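Coordinates as given in my_file.tsv (TSV, C-alpha atoms):
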chain	number	residue	atom	x	y	z
M	19	MET	CA	0.00	0.00	0.00
M	20	THR	CA	1.23	3.46	-0.80
M	21	SER	CA	1.74	5.57	2.26
M	22	LYS	CA	-0.62	8.45	2.76
M	23	PHE	CA	-0.32	11.97	4.02
M	24	ASN	CA	-2.65	14.69	5.13
M	25	PHE	CA	-3.79	17.10	2.46
M	26	LYS	CA	-5.65	20.29	3.26
M	27	VAL	CA	-6.99	23.02	1.05
M	28	VAL	CA	-7.90	26.22	2.85
M	29	ALA	CA	-9.54	29.24	1.24
M	30	PRO	CA	-10.23	32.55	2.98
M	31	ASP	CA	-13.90	31.65	3.36
M	32	GLY	CA	-13.35	28.20	4.77
M	33	LEU	CA	-11.80	24.79	4.68
M	34	VAL	CA	-12.37	23.22	1.26
M	35	LEU	CA	-10.77	19.86	1.74
M	36	ASP	CA	-9.14	17.82	4.50
M	37	LYS	CA	-8.20	14.30	3.45
M	38	ASP	CA	-5.54	11.63	3.60
M	39	VAL	CA	-4.19	11.13	0.13
M	40	GLU	CA	-1.38	9.33	-1.70
M	41	PHE	CA	-0.37	11.93	-4.22
M	42	VAL	CA	-0.80	15.61	-4.97
M	43	LEU	CA	0.00	17.42	-8.20
M	44	VAL	CA	0.12	21.20	-8.27
M	45	ARG	CA	1.13	23.82	-10.74
M	46	SER	CA	3.71	26.08	-9.13
M	47	GLU	CA	5.17	29.18	-10.69
M	48	GLU	CA	8.17	27.22	-11.79
M	49	GLY	CA	6.37	24.23	-13.19
M	50	ASP	CA	4.40	21.23	-12.05
M	51	LEU	CA	5.20	19.72	-8.69
M	52	GLY	CA	4.23	16.23	-7.65
M	53	ILE	CA	4.16	15.50	-3.93
M	54	LEU	CA	4.35	12.04	-2.42
M	55	ALA	CA	4.48	11.10	1.24
M	56	HIS	CA	7.54	12.18	3.24
M	57	HIS	CA	8.39	15.05	0.96
M	58	ALA	CA	11.02	17.50	2.15
M	59	PRO	CA	9.75	20.77	3.67
M	60	LEU	CA	8.70	23.10	0.89
M	61	ILE	CA	6.96	26.40	0.37
M	62	ALA	CA	5.75	27.13	-3.12
M	63	SER	CA	3.71	29.77	-4.83
M	64	LEU	CA	0.90	28.39	-6.98
M	65	LYS	CA	-0.48	29.58	-10.26
M	66	ILE	CA	-4.12	29.72	-11.18
M	67	GLY	CA	-4.87	26.22	-12.34
M	68	VAL	CA	-5.92	22.72	-11.50
M	69	VAL	CA	-4.64	20.83	-8.49
M	70	SER	CA	-5.19	17.12	-8.56
M	71	TYR	CA	-4.81	14.52	-5.87
M	72	GLN	CA	-5.14	10.79	-5.59
M	73	GLU	CA	-7.16	9.21	-2.85
M	74	ASN	CA	-7.44	5.42	-2.69
M	75	GLY	CA	-6.33	5.17	-6.28
M	76	VAL	CA	-8.90	7.65	-7.59
M	77	ARG	CA	-7.93	10.98	-9.10
M	78	HIS	CA	-9.79	14.11	-8.05
M	79	LYS	CA	-9.45	17.65	-9.26
M	80	ILE	CA	-9.75	21.06	-7.65
M	81	ALA	CA	-9.71	24.43	-9.38
M	82	VAL	CA	-7.42	26.77	-7.47
M	83	GLY	CA	-7.23	30.50	-8.09
M	84	GLY	CA	-3.60	30.90	-7.12
M	85	GLY	CA	-2.11	30.76	-3.65
M	86	PHE	CA	0.57	28.97	-1.68
M	87	MET	CA	1.50	25.49	-0.71
M	88	GLU	CA	3.39	24.39	2.34
M	89	VAL	CA	4.78	20.91	2.84
M	90	ILE	CA	6.00	20.03	6.31
M	91	ASP	CA	5.94	16.96	8.57
M	92	ASN	CA	4.12	14.88	6.00
M	93	ARG	CA	1.35	17.44	5.75
M	94	VAL	CA	0.47	19.38	2.64
M	95	THR	CA	-1.50	22.59	3.03
M	96	ILE	CA	-2.69	24.71	0.16
M	97	LEU	CA	-3.63	28.27	0.97
M	98	ALA	CA	-5.77	29.13	-2.00
M	99	ASN	CA	-7.20	32.49	-2.95
M	100	THR	CA	-10.19	30.57	-4.21
M	101	ALA	CA	-10.74	26.84	-4.43
M	102	GLU	CA	-13.54	24.62	-5.62
M	103	THR	CA	-13.75	20.88	-5.92
M	104	ALA	CA	-14.88	19.51	-9.27
M	105	GLU	CA	-18.33	18.73	-7.82
M	106	GLU	CA	-18.82	22.30	-6.65
M	107	ILE	CA	-18.01	23.96	-9.94
M	108	ASP	CA	-20.85	25.43	-11.92
M	109	LEU	CA	-19.72	24.57	-15.43
M	110	GLN	CA	-22.29	26.80	-17.07
M	111	ARG	CA	-21.17	29.76	-15.06
M	112	ALA	CA	-17.50	29.08	-15.71
M	113	LYS	CA	-18.15	28.91	-19.45
M	114	ALA	CA	-20.08	32.16	-19.36
M	115	ALA	CA	-17.26	33.78	-17.41
M	116	LYS	CA	-14.76	32.50	-19.97
M	117	GLU	CA	-16.70	34.04	-22.84
M	118	ARG	CA	-17.09	37.33	-21.00
M	119	ALA	CA	-13.38	37.52	-20.27
M	120	GLU	CA	-12.47	36.60	-23.85
M	121	LYS	CA	-14.77	39.25	-25.20
M	122	ARG	CA	-13.30	41.87	-22.95
M	123	LEU	CA	-9.80	40.91	-23.99
M	124	GLN	CA	-10.67	41.02	-27.67
M	125	GLU	CA	-12.44	44.34	-27.64
M	126	ARG	CA	-9.88	46.06	-25.45
M	127	LYS	CA	-12.15	48.97	-24.82
M	128	PRO	CA	-10.47	51.85	-23.08
M	129	GLY	CA	-10.90	51.51	-19.36
M	130	THR	CA	-10.89	47.73	-19.34
M	131	ASP	CA	-8.61	46.28	-16.77
M	132	ILE	CA	-6.67	43.89	-19.02
M	133	GLN	CA	-4.86	42.26	-16.15
M	134	ARG	CA	-8.08	41.52	-14.34
M	135	ALA	CA	-9.71	40.15	-17.46
M	136	GLU	CA	-6.77	37.84	-17.99
M	137	ILE	CA	-6.97	36.57	-14.43
M	138	ALA	CA	-10.70	36.03	-14.85
M	139	LEU	CA	-10.06	34.09	-18.04
M	140	ARG	CA	-7.45	31.89	-16.44
M	141	LYS	CA	-9.70	31.18	-13.46
M	142	ALA	CA	-12.59	30.28	-15.73
M	143	LEU	CA	-10.37	27.97	-17.79
M	144	SER	CA	-9.06	26.21	-14.71
M	145	ARG	CA	-12.62	25.67	-13.48
M	146	ILE	CA	-13.68	24.23	-16.82
M	147	LYS	CA	-10.66	21.96	-16.85
M	148	ALA	CA	-11.27	20.72	-13.33
M	149	ALA	CA	-14.95	20.09	-13.94
M	150	GLU	CA	-14.59	18.19	-17.18
V	9	MET	CA	-62.79	63.75	26.66
V	10	ALA	CA	-60.67	64.07	23.52
V	11	GLY	CA	-57.64	62.54	25.27
V	12	VAL	CA	-58.81	58.99	24.78
V	13	ARG	CA	-58.67	59.12	21.03
V	14	ASP	CA	-55.29	60.82	20.98
V	15	ILE	CA	-53.82	58.30	23.33
V	16	ARG	CA	-55.28	55.43	21.34
V	17	ARG	CA	-53.67	56.78	18.20
V	18	ARG	CA	-50.32	57.01	19.93
V	19	ILE	CA	-50.59	53.46	21.19
V	20	ARG	CA	-51.22	52.30	17.67
V	21	SER	CA	-48.20	54.09	16.27
V	22	VAL	CA	-45.93	52.85	19.05
V	23	SER	CA	-47.06	49.29	18.49
V	24	ASN	CA	-46.36	49.67	14.77
V	25	MET	CA	-42.85	50.75	15.63
V	26	GLN	CA	-42.55	47.85	17.97
V	27	GLN	CA	-43.44	45.47	15.20
V	28	ILE	CA	-40.73	46.94	13.03
V	29	THR	CA	-38.05	46.80	15.70
V	30	ARG	CA	-39.04	43.27	16.57
V	31	ALA	CA	-38.77	42.21	12.94
V	32	MET	CA	-35.39	43.91	12.63
V	33	LYS	CA	-34.18	42.11	15.69
V	34	THR	CA	-35.20	38.76	14.25
V	35	ILE	CA	-33.53	39.56	10.95
V	36	ALA	CA	-30.35	40.67	12.67
V	37	ALA	CA	-30.33	37.47	14.69
V	38	ALA	CA	-30.64	35.33	11.57
V	39	LYS	CA	-27.92	37.25	9.74
V	40	LEU	CA	-25.74	37.13	12.80
V	41	ARG	CA	-25.74	33.35	12.79
V	42	LYS	CA	-24.44	33.40	9.25
V	43	ALA	CA	-21.87	36.09	10.04
V	44	GLN	CA	-20.62	34.07	12.97
V	45	ARG	CA	-20.27	31.02	10.76
V	46	ASN	CA	-18.24	33.11	8.32
V	47	VAL	CA	-15.94	34.30	11.08
V	48	ILE	CA	-15.29	30.75	12.17
V	49	ALA	CA	-14.83	29.52	8.60
V	50	SER	CA	-12.18	32.16	7.89
V	51	ARG	CA	-10.04	31.24	10.87
V	52	PRO	CA	-8.12	28.26	9.44
V	53	TYR	CA	-6.85	30.36	6.53
V	54	THR	CA	-5.78	33.27	8.69
V	55	LYS	CA	-4.05	30.93	11.08
V	56	GLN	CA	-2.28	29.00	8.33
V	57	ILE	CA	-1.01	32.04	6.51
V	58	GLN	CA	0.32	33.40	9.78
V	59	ASP	CA	2.13	30.15	10.43
V	60	VAL	CA	3.62	29.97	6.98
V	61	LEU	CA	4.76	33.57	7.19
V	62	SER	CA	6.39	33.19	10.57
V	63	ARG	CA	8.18	30.04	9.42
V	64	LEU	CA	9.29	31.79	6.27
V	65	VAL	CA	10.65	34.75	8.20
V	66	LYS	CA	12.39	32.46	10.64
V	67	ALA	CA	13.92	30.40	7.89
V	68	GLU	CA	15.21	33.37	5.97
V	69	ILE	CA	16.61	35.93	8.32
V	70	GLY	CA	18.03	38.81	6.39
V	71	VAL	CA	15.34	38.87	3.77
V	72	GLU	CA	14.16	42.38	3.23
V	73	HIS	CA	10.94	43.67	1.88
V	74	PRO	CA	9.35	47.13	1.88
V	75	LEU	CA	6.33	45.81	3.75
V	76	LEU	CA	8.57	44.54	6.54
V	77	ALA	CA	10.85	47.55	6.78
V	78	LYS	CA	10.38	49.96	9.65
V	79	ARG	CA	10.92	53.58	8.84
V	80	PRO	CA	10.69	56.86	10.70
V	81	VAL	CA	7.03	57.61	11.21
V	82	GLN	CA	5.77	60.89	9.86
V	83	LYS	CA	2.35	59.90	8.74
V	84	VAL	CA	0.17	57.24	10.29
V	85	GLY	CA	-2.69	55.56	8.49
V	86	TYR	CA	-5.79	54.10	10.07
V	87	ILE	CA	-8.11	51.71	8.32
V	88	VAL	CA	-11.39	52.29	10.15
V	89	ILE	CA	-14.09	49.71	9.57
V	90	THR	CA	-17.57	51.02	10.32
V	91	SER	CA	-20.96	49.86	9.12
V	92	ASP	CA	-22.99	51.05	6.15
V	93	ARG	CA	-26.21	51.25	8.09
V	94	GLY	CA	-27.21	52.70	11.40
V	95	LEU	CA	-29.73	51.35	13.87
V	96	CYS	CA	-27.07	49.41	15.68
V	97	GLY	CA	-26.71	51.30	18.92
V	98	GLY	CA	-23.33	52.72	19.78
V	99	PHE	CA	-21.49	50.51	17.32
V	100	ASN	CA	-20.16	53.21	15.00
V	101	ALA	CA	-19.93	55.86	17.68
V	102	ASN	CA	-17.62	53.63	19.71
V	103	LEU	CA	-15.33	53.02	16.76
V	104	ILE	CA	-15.20	56.66	15.81
V	105	ARG	CA	-14.53	57.70	19.38
V	106	LEU	CA	-11.63	55.27	19.61
V	107	THR	CA	-10.22	56.57	16.35
V	108	GLN	CA	-10.40	60.13	17.59
V	109	GLU	CA	-8.72	59.23	20.85
V	110	ILE	CA	-5.86	57.60	19.01
V	111	ILE	CA	-5.47	60.52	16.66
V	112	GLU	CA	-5.47	62.92	19.62
V	113	GLU	CA	-2.81	60.87	21.35
V	114	LYS	CA	-0.46	61.09	18.42
V	115	ARG	CA	-0.74	64.77	17.77
V	116	ASP	CA	2.81	65.11	16.52
V	117	VAL	CA	2.31	62.93	13.44
V	118	GLU	CA	0.20	63.43	10.40
V	119	VAL	CA	-2.83	61.24	9.90
V	120	GLY	CA	-4.40	59.59	6.88
V	121	LEU	CA	-7.58	57.57	6.98
V	122	VAL	CA	-8.85	54.67	4.94
V	123	ALA	CA	-12.53	54.74	5.75
V	124	VAL	CA	-14.52	51.56	5.23
V	125	GLY	CA	-18.28	51.75	5.65
V	126	ARG	CA	-20.67	54.58	4.94
V	127	LYS	CA	-21.07	55.75	8.54
V	128	GLY	CA	-17.38	56.32	9.06
V	129	ASN	CA	-17.07	58.03	5.69
V	130	GLU	CA	-19.89	60.43	6.44
V	131	TYR	CA	-18.45	61.33	9.77
V	132	PHE	CA	-14.84	61.80	8.71
V	133	ASN	CA	-15.69	63.66	5.54
V	134	LYS	CA	-18.02	66.03	7.33
V	135	ARG	CA	-15.34	66.90	9.85
V	136	GLN	CA	-12.68	67.21	7.21
V	137	TYR	CA	-10.42	64.44	8.34
V	138	PRO	CA	-7.89	63.48	5.67
V	139	VAL	CA	-9.62	60.50	4.08
V	140	LEU	CA	-7.20	58.98	1.57
V	141	ALA	CA	-9.42	56.17	0.39
V	142	GLN	CA	-12.98	55.14	0.99
V	143	PHE	CA	-14.91	51.94	0.60
V	144	THR	CA	-18.64	51.60	1.04
V	145	GLY	CA	-21.46	49.23	0.24
V	146	LEU	CA	-19.84	46.07	1.50
V	147	GLY	CA	-23.14	44.33	2.08
V	148	ASP	CA	-24.02	41.64	4.55
V	149	ASN	CA	-21.49	39.10	3.38
V	150	PRO	CA	-18.10	40.73	2.94
V	151	ASP	CA	-16.03	38.71	0.50
V	152	TYR	CA	-12.34	38.26	0.02
V	153	ASN	CA	-12.22	40.45	-3.08
V	154	GLN	CA	-13.41	43.44	-1.09
V	155	ALA	CA	-10.69	42.82	1.47
V	156	SER	CA	-8.20	42.49	-1.40
V	157	ARG	CA	-9.12	45.87	-2.79
V	158	ILE	CA	-8.76	47.56	0.57
V	159	ALA	CA	-5.42	45.84	1.12
V	160	GLU	CA	-4.13	46.73	-2.34
V	161	GLU	CA	-5.06	50.37	-1.92
V	162	THR	CA	-3.38	50.46	1.48
V	163	ILE	CA	-0.24	48.82	0.16
V	164	LYS	CA	-0.17	51.36	-2.65
V	165	LEU	CA	-0.33	54.23	-0.17
V	166	TYR	CA	2.27	52.60	1.99
V	167	THR	CA	4.82	51.87	-0.71
V	168	ALA	CA	4.33	55.32	-2.22
V	169	GLY	CA	5.48	56.72	1.12
V	170	GLU	CA	2.11	58.34	1.80
V	171	LEU	CA	1.85	56.36	5.01
V	172	ASP	CA	4.67	55.08	7.21
V	173	GLU	CA	2.63	52.94	9.54
V	174	VAL	CA	-0.86	51.53	9.24
V	175	TYR	CA	-3.28	50.45	11.93
V	176	LEU	CA	-6.55	48.63	11.58
V	177	ILE	CA	-9.44	49.81	13.73
V	178	TYR	CA	-12.42	47.50	13.85
V	179	SER	CA	-14.93	46.02	16.19
V	180	LYS	CA	-13.96	42.65	17.54
V	181	PHE	CA	-16.76	40.19	18.04
V	182	ILE	CA	-16.63	38.77	21.53
V	183	THR	CA	-20.20	37.78	22.27
V	184	VAL	CA	-23.53	38.90	20.90
V	185	LEU	CA	-23.76	41.39	23.73
V	186	MET	CA	-20.12	42.43	23.64
V	187	GLN	CA	-18.19	44.03	20.84
V	188	GLU	CA	-14.83	45.55	21.46
V	189	PRO	CA	-13.35	48.31	19.33
V	190	THR	CA	-9.84	47.10	18.65
V	191	VAL	CA	-6.64	48.51	17.16
V	192	VAL	CA	-4.00	46.36	15.51
V	193	LYS	CA	-0.88	47.38	13.67
V	194	VAL	CA	-0.83	45.92	10.18
V	195	LEU	CA	2.00	47.71	8.42
V	196	PRO	CA	4.91	47.32	8.52
V	197	ILE	CA	4.22	43.64	9.00
V	198	GLU	CA	5.84	42.25	12.14
V	199	PRO	CA	5.55	38.50	11.94
V	200	SER	CA	6.28	36.54	15.05
V	201	ALA	CA	9.18	34.31	14.19
V	202	GLU	CA	8.39	30.77	15.16
V	203	GLU	CA	10.96	28.31	16.38
V	204	SER	CA	11.50	25.91	13.57
V	205	SER	CA	14.54	23.93	12.63
V	206	GLU	CA	13.19	22.88	9.26
V	207	GLU	CA	15.07	23.77	6.14
V	208	TYR	CA	12.60	24.70	3.49
V	209	ILE	CA	12.86	24.42	-0.24
V	210	PHE	CA	11.44	27.54	-1.84
V	211	GLU	CA	9.75	27.69	-5.19
V	212	PRO	CA	10.35	30.39	-6.33
V	213	SER	CA	13.00	32.16	-4.26
V	214	PRO	CA	12.30	33.32	-0.69
V	215	GLU	CA	12.27	36.93	-1.85
V	216	GLN	CA	9.58	36.21	-4.40
V	217	MET	CA	7.65	34.18	-1.86
V	218	LEU	CA	7.61	37.15	0.51
V	219	GLU	CA	6.53	39.37	-2.35
V	220	ARG	CA	3.42	37.24	-2.72
V	221	LEU	CA	2.85	36.13	0.82
V	222	LEU	CA	2.96	39.53	2.52
V	223	PRO	CA	0.10	41.10	0.57
V	224	SER	CA	-1.94	37.94	1.05
V	225	TYR	CA	-1.27	38.12	4.74
V	226	LEU	CA	-2.54	41.69	4.91
V	227	LYS	CA	-5.58	40.72	2.87
V	228	SER	CA	-6.43	37.90	5.20
V	229	GLN	CA	-6.07	40.21	8.19
V	230	ILE	CA	-8.39	42.76	6.66
V	231	PHE	CA	-10.79	40.05	5.58
V	232	SER	CA	-11.12	38.63	9.05
V	233	ALA	CA	-11.53	42.15	10.44
V	234	LEU	CA	-14.36	42.74	7.97
V	235	LEU	CA	-16.07	39.55	9.03
V	236	GLU	CA	-15.64	40.23	12.74
V	237	SER	CA	-16.90	43.73	12.26
V	238	LYS	CA	-19.98	42.49	10.40
V	239	ALA	CA	-20.77	40.02	13.17
V	240	SER	CA	-20.29	42.77	15.75
V	241	GLU	CA	-22.53	45.13	13.83
V	242	LEU	CA	-25.31	42.58	13.68
V	243	GLY	CA	-24.85	41.75	17.35
V	244	ALA	CA	-25.09	45.43	18.21
V	245	GLN	CA	-28.11	45.81	16.00
V	246	MET	CA	-29.81	42.89	17.62
V	247	THR	CA	-29.22	44.29	21.09
V	248	ALA	CA	-30.34	47.77	20.07
V	249	MET	CA	-33.51	46.48	18.47
V	250	ASP	CA	-34.21	44.27	21.44
V	251	SER	CA	-34.10	47.21	23.83
V	252	ALA	CA	-36.14	49.31	21.41
V	253	THR	CA	-38.82	46.61	21.40
V	254	GLU	CA	-38.66	46.49	25.17
V	255	ASN	CA	-39.00	50.27	25.43
V	256	ALA	CA	-41.95	50.24	23.09
V	257	LYS	CA	-43.61	47.65	25.27
V	258	GLU	CA	-43.16	49.78	28.37
V	259	MET	CA	-44.47	52.80	26.56
V	260	ILE	CA	-47.55	50.93	25.39
V	261	GLU	CA	-48.23	49.85	28.96
V	262	LYS	CA	-47.96	53.41	30.24
V	263	LEU	CA	-50.14	54.75	27.48
V	264	THR	CA	-52.74	52.05	28.02
V	265	LEU	CA	-52.91	52.98	31.67
V	266	ALA	CA	-53.28	56.66	30.80
V	267	MET	CA	-55.95	55.82	28.26
V	268	ASN	CA	-57.97	53.76	30.74
V	269	ARG	CA	-57.75	56.54	33.27
V	270	ALA	CA	-58.97	59.06	30.75
V	271	ARG	CA	-61.75	56.75	29.71
V	272	GLN	CA	-62.85	56.20	33.27
V	273	ALA	CA	-62.73	59.88	34.00
V	274	ALA	CA	-64.93	60.47	30.98
V	275	ILE	CA	-67.42	57.87	32.13
V	276	THR	CA	-67.46	59.26	35.65
V	277	THR	CA	-68.15	62.73	34.33
V	278	GLU	CA	-70.93	61.37	32.15
V	279	ILE	CA	-72.57	59.50	35.03
V	280	SER	CA	-72.39	62.45	37.35
V	281	GLU	CA	-73.91	64.57	34.60
V	282	ILE	CA	-76.80	62.12	34.16
V	283	VAL	CA	-77.31	61.81	37.91
V	284	GLY	CA	-77.13	65.58	38.20
V	285	GLY	CA	-79.63	65.95	35.36
V	286	ALA	CA	-82.04	63.38	36.92
V	287	ALA	CA	-81.79	65.06	40.29
V	288	ALA	CA	-82.67	68.39	38.75
V	289	LEU	CA	-85.88	66.90	37.27
V	290	GLU	CA	-87.19	65.62	40.60
Output the file's structure in the form of structure tokens.
Amino acid sequence: MTSKFNFKVVAPDGLVLDKDVEFVLVRSEEGDLGILAHHAPLIASLKIGVVSYQENGVRHKIAVGGGFMEVIDNRVTILANTAETAEEIDLQRAKAAKERAEKRLQERKPGTDIQRAEIALRKALSRIKAAE
Amino acid sequence: MAGVRDIRRRIRSVSNMQQITRAMKTIAAAKLRKAQRNVIASRPYTKQIQDVLSRLVKAEIGVEHPLLAKRPVQKVGYIVITSDRGLCGGFNANLIRLTQEIIEEKRDVEVGLVAVGRKGNEYFNKRQYPVLAQFTGLGDNPDYNQASRIAEETIKLYTAGELDEVYLIYSKFITVLMQEPTVVKVLPIEPSAEESSEEYIFEPSPEQMLERLLPSYLKSQIFSALLESKASELGAQMTAMDSATENAKEMIEKLTLAMNRARQAAITTEISEIVGGAAALE
């Protein structure tokens, strides 16, 4: 049996996930990071994207809107700006948000906050990816 | 006697008010439960980010960052979190009084305010306090984005050298009946370094981690202050509306008594008039 470790995802508005898992895959700023049990202490900054984990041989996905990850004492904690499990994601809404953001980026009307639109687009894409 | 009708009309209007205050109390109580849940839900994140930050600072002594650097204080900023609505007793008054006391104490430095909530804004603008930024209309469920905007604006003022020190003034939720206006220093950030012998791997570098972690830390502090303040506001509102309902009840009792007296007096006069009239006929 693969050894397990504690995996927590915390968002500002509450605990999203607290489980014992075998494997966690995150997208850090410097590339993908896979975490197995007994990983060395680590602090990483996460990009907007999909975090996946394996529990009892089954893969699950979470859409994370950027944040941090800390690995210490066989515990993995993700401090996410936003986080939703695949079941929680409203696919319709995410798709609508994607289209809105794309439209804003294409039109580039004066006064549009390009940076914010890009972040919105990336968040929407990560949600769609996690839900599908 | 005309008094009876007048008094009856007053009783009716007081009991209408009582209905309103009672409804507001019930609403506040329901919202308060939700606000309290939010406060509790936000705690793990605040705690975790604090822990990570203190471990990071401990692990990397010598790392410098503008948000950590102390500098001579010429201008102090206060983020004052008040409510958008009134009808919550002394809630806003207490916060504003505390703010004034603190400003008075530090007469020798300049002051800049970041006013959150309509009540605080109205007050400070009217009295020409230097309000550098204002935020209103936060609603009943403050979200993290609102806290982010306040934090970003504050950081902007701080890094531009507009403010050398920033304090957060908000109402801490202790119990439904007790809210405590509180001051905490938020900038420069002074993390408590935790004893930890672990050697961390950083991705990316510790400097870049701080760059990201420090603003998030401030955001989470402001976010939890917003939530606490909302819970306090609703607690204060509930208490205020409860005593208003109670007062209305007392007033109705008094008025009812007065009305009955007036009615009886009227009847007595009438009877004595009839008796007087009958006696005159005999």
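Distance check against M:Leu60 using all atoms listed in the file: of M:Arg93, M:Lys116, M:Ile80, M:Gly85, the minimum falls on M:Arg93.
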With 7 Å as the limit and counting only C-alpha atoms, what residues in chain M lie close to chain V? Please list them as a short mmCIF file (atom, residue, chain, number, x, y, z; two decimals) with C-alpha atoms, keeping the file's coordinate frame.
data_model
loop_
_atom_site.label_atom_id
_atom_site.label_comp_id
_atom_site.auth_asym_id
_atom_site.auth_seq_id
_atom_site.Cartn_x
_atom_site.Cartn_y
_atom_site.Cartn_z
CA VAL M 28 -7.90 26.22 2.85
CA ALA M 29 -9.54 29.24 1.24
CA PRO M 30 -10.23 32.55 2.98
CA ASP M 31 -13.90 31.65 3.36
CA GLY M 32 -13.35 28.20 4.77
CA LEU M 33 -11.80 24.79 4.68
CA GLU M 47 5.17 29.18 -10.69
CA GLU M 48 8.17 27.22 -11.79
CA PRO M 59 9.75 20.77 3.67
CA LEU M 60 8.70 23.10 0.89
CA ILE M 61 6.96 26.40 0.37
CA ALA M 62 5.75 27.13 -3.12
CA SER M 63 3.71 29.77 -4.83
CA LEU M 97 -3.63 28.27 0.97
#
Extending 6 Å beyond the listed atoms of stretch 49-63 of chain V on each side, what axis-aligned box results? I want centre and edge lengths in Å to one decimal, as JSON.
{"center_x": -3.3, "center_y": 30.9, "center_z": 8.8, "size_x": 35.0, "size_y": 17.3, "size_z": 16.6}
Interatomic distance between atom CA of V:Gln82 and atom CA of V:Thr162?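 So the two atoms, atom CA of V:Gln82 and atom CA of V:Thr162, lie 16.2 Å apart.
Nearest residue to M:Gly84, choosing from M:Leu54, M:Val68, M:Leu123, M:Leu139 and counting all atoms listed in the file: M:Val68.
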Show me that you can extract stretch 118-133 of chain M, keeping N, CA and C atoms, and write it as a PDB file, in the first residue's frame.
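Listed below is the output, result-v4.pdb:
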ATOM      1  N   ARG M 118     -17.128  35.906 -21.377  1.00  0.00           N
ATOM      2  CA  ARG M 118     -17.087  37.329 -20.997  1.00  0.00           C
ATOM      3  C   ARG M 118     -15.665  37.858 -21.010  1.00  0.00           C
ATOM      4  N   ALA M 119     -14.775  37.081 -20.373  1.00  0.00           N
ATOM      5  CA  ALA M 119     -13.382  37.523 -20.272  1.00  0.00           C
ATOM      6  C   ALA M 119     -12.739  37.602 -21.654  1.00  0.00           C
ATOM      7  N   GLU M 120     -13.043  36.607 -22.492  1.00  0.00           N
ATOM      8  CA  GLU M 120     -12.471  36.604 -23.848  1.00  0.00           C
ATOM      9  C   GLU M 120     -12.926  37.820 -24.631  1.00  0.00           C
ATOM     10  N   LYS M 121     -14.211  38.108 -24.476  1.00  0.00           N
ATOM     11  CA  LYS M 121     -14.771  39.245 -25.195  1.00  0.00           C
ATOM     12  C   LYS M 121     -14.094  40.543 -24.767  1.00  0.00           C
ATOM     13  N   ARG M 122     -13.927  40.657 -23.459  1.00  0.00           N
ATOM     14  CA  ARG M 122     -13.298  41.874 -22.945  1.00  0.00           C
ATOM     15  C   ARG M 122     -11.870  42.018 -23.455  1.00  0.00           C
ATOM     16  N   LEU M 123     -11.186  40.870 -23.541  1.00  0.00           N
ATOM     17  CA  LEU M 123      -9.798  40.910 -23.987  1.00  0.00           C
ATOM     18  C   LEU M 123      -9.697  41.240 -25.469  1.00  0.00           C
ATOM     19  N   GLN M 124     -10.699  40.758 -26.232  1.00  0.00           N
ATOM     20  CA  GLN M 124     -10.671  41.020 -27.670  1.00  0.00           C
ATOM     21  C   GLN M 124     -10.970  42.481 -27.981  1.00  0.00           C
ATOM     22  N   GLU M 125     -12.009  42.975 -27.308  1.00  0.00           N
ATOM     23  CA  GLU M 125     -12.443  44.340 -27.641  1.00  0.00           C
ATOM     24  C   GLU M 125     -11.438  45.389 -27.175  1.00  0.00           C
ATOM     25  N   ARG M 126     -10.861  45.122 -26.023  1.00  0.00           N
ATOM     26  CA  ARG M 126      -9.885  46.056 -25.450  1.00  0.00           C
ATOM     27  C   ARG M 126     -10.390  47.494 -25.441  1.00  0.00           C
ATOM     28  N   LYS M 127     -11.594  47.624 -24.951  1.00  0.00           N
ATOM     29  CA  LYS M 127     -12.153  48.971 -24.824  1.00  0.00           C
ATOM     30  C   LYS M 127     -11.292  49.765 -23.847  1.00  0.00           C
ATOM     31  N   PRO M 128     -11.215  51.060 -24.059  1.00  0.00           N
ATOM     32  CA  PRO M 128     -10.474  51.849 -23.076  1.00  0.00           C
ATOM     33  C   PRO M 128     -11.151  51.732 -21.709  1.00  0.00           C
ATOM     34  N   GLY M 129     -10.340  51.641 -20.703  1.00  0.00           N
ATOM     35  CA  GLY M 129     -10.904  51.515 -19.360  1.00  0.00           C
ATOM     36  C   GLY M 129     -11.043  50.083 -18.901  1.00  0.00           C
ATOM     37  N   THR M 130     -10.824  49.119 -19.792  1.00  0.00           N
ATOM     38  CA  THR M 130     -10.886  47.729 -19.342  1.00  0.00           C
ATOM     39  C   THR M 130      -9.593  47.416 -18.599  1.00  0.00           C
ATOM     40  N   ASP M 131      -9.774  46.707 -17.524  1.00  0.00           N
ATOM     41  CA  ASP M 131      -8.610  46.276 -16.773  1.00  0.00           C
ATOM     42  C   ASP M 131      -8.135  44.957 -17.391  1.00  0.00           C
ATOM     43  N   ILE M 132      -7.130  45.063 -18.272  1.00  0.00           N
ATOM     44  CA  ILE M 132      -6.667  43.886 -19.015  1.00  0.00           C
ATOM     45  C   ILE M 132      -6.174  42.798 -18.072  1.00  0.00           C
ATOM     46  N   GLN M 133      -5.435  43.229 -17.074  1.00  0.00           N
ATOM     47  CA  GLN M 133      -4.864  42.255 -16.155  1.00  0.00           C
ATOM     48  C   GLN M 133      -5.972  41.463 -15.452  1.00  0.00           C
TER      49      GLN M 133
END
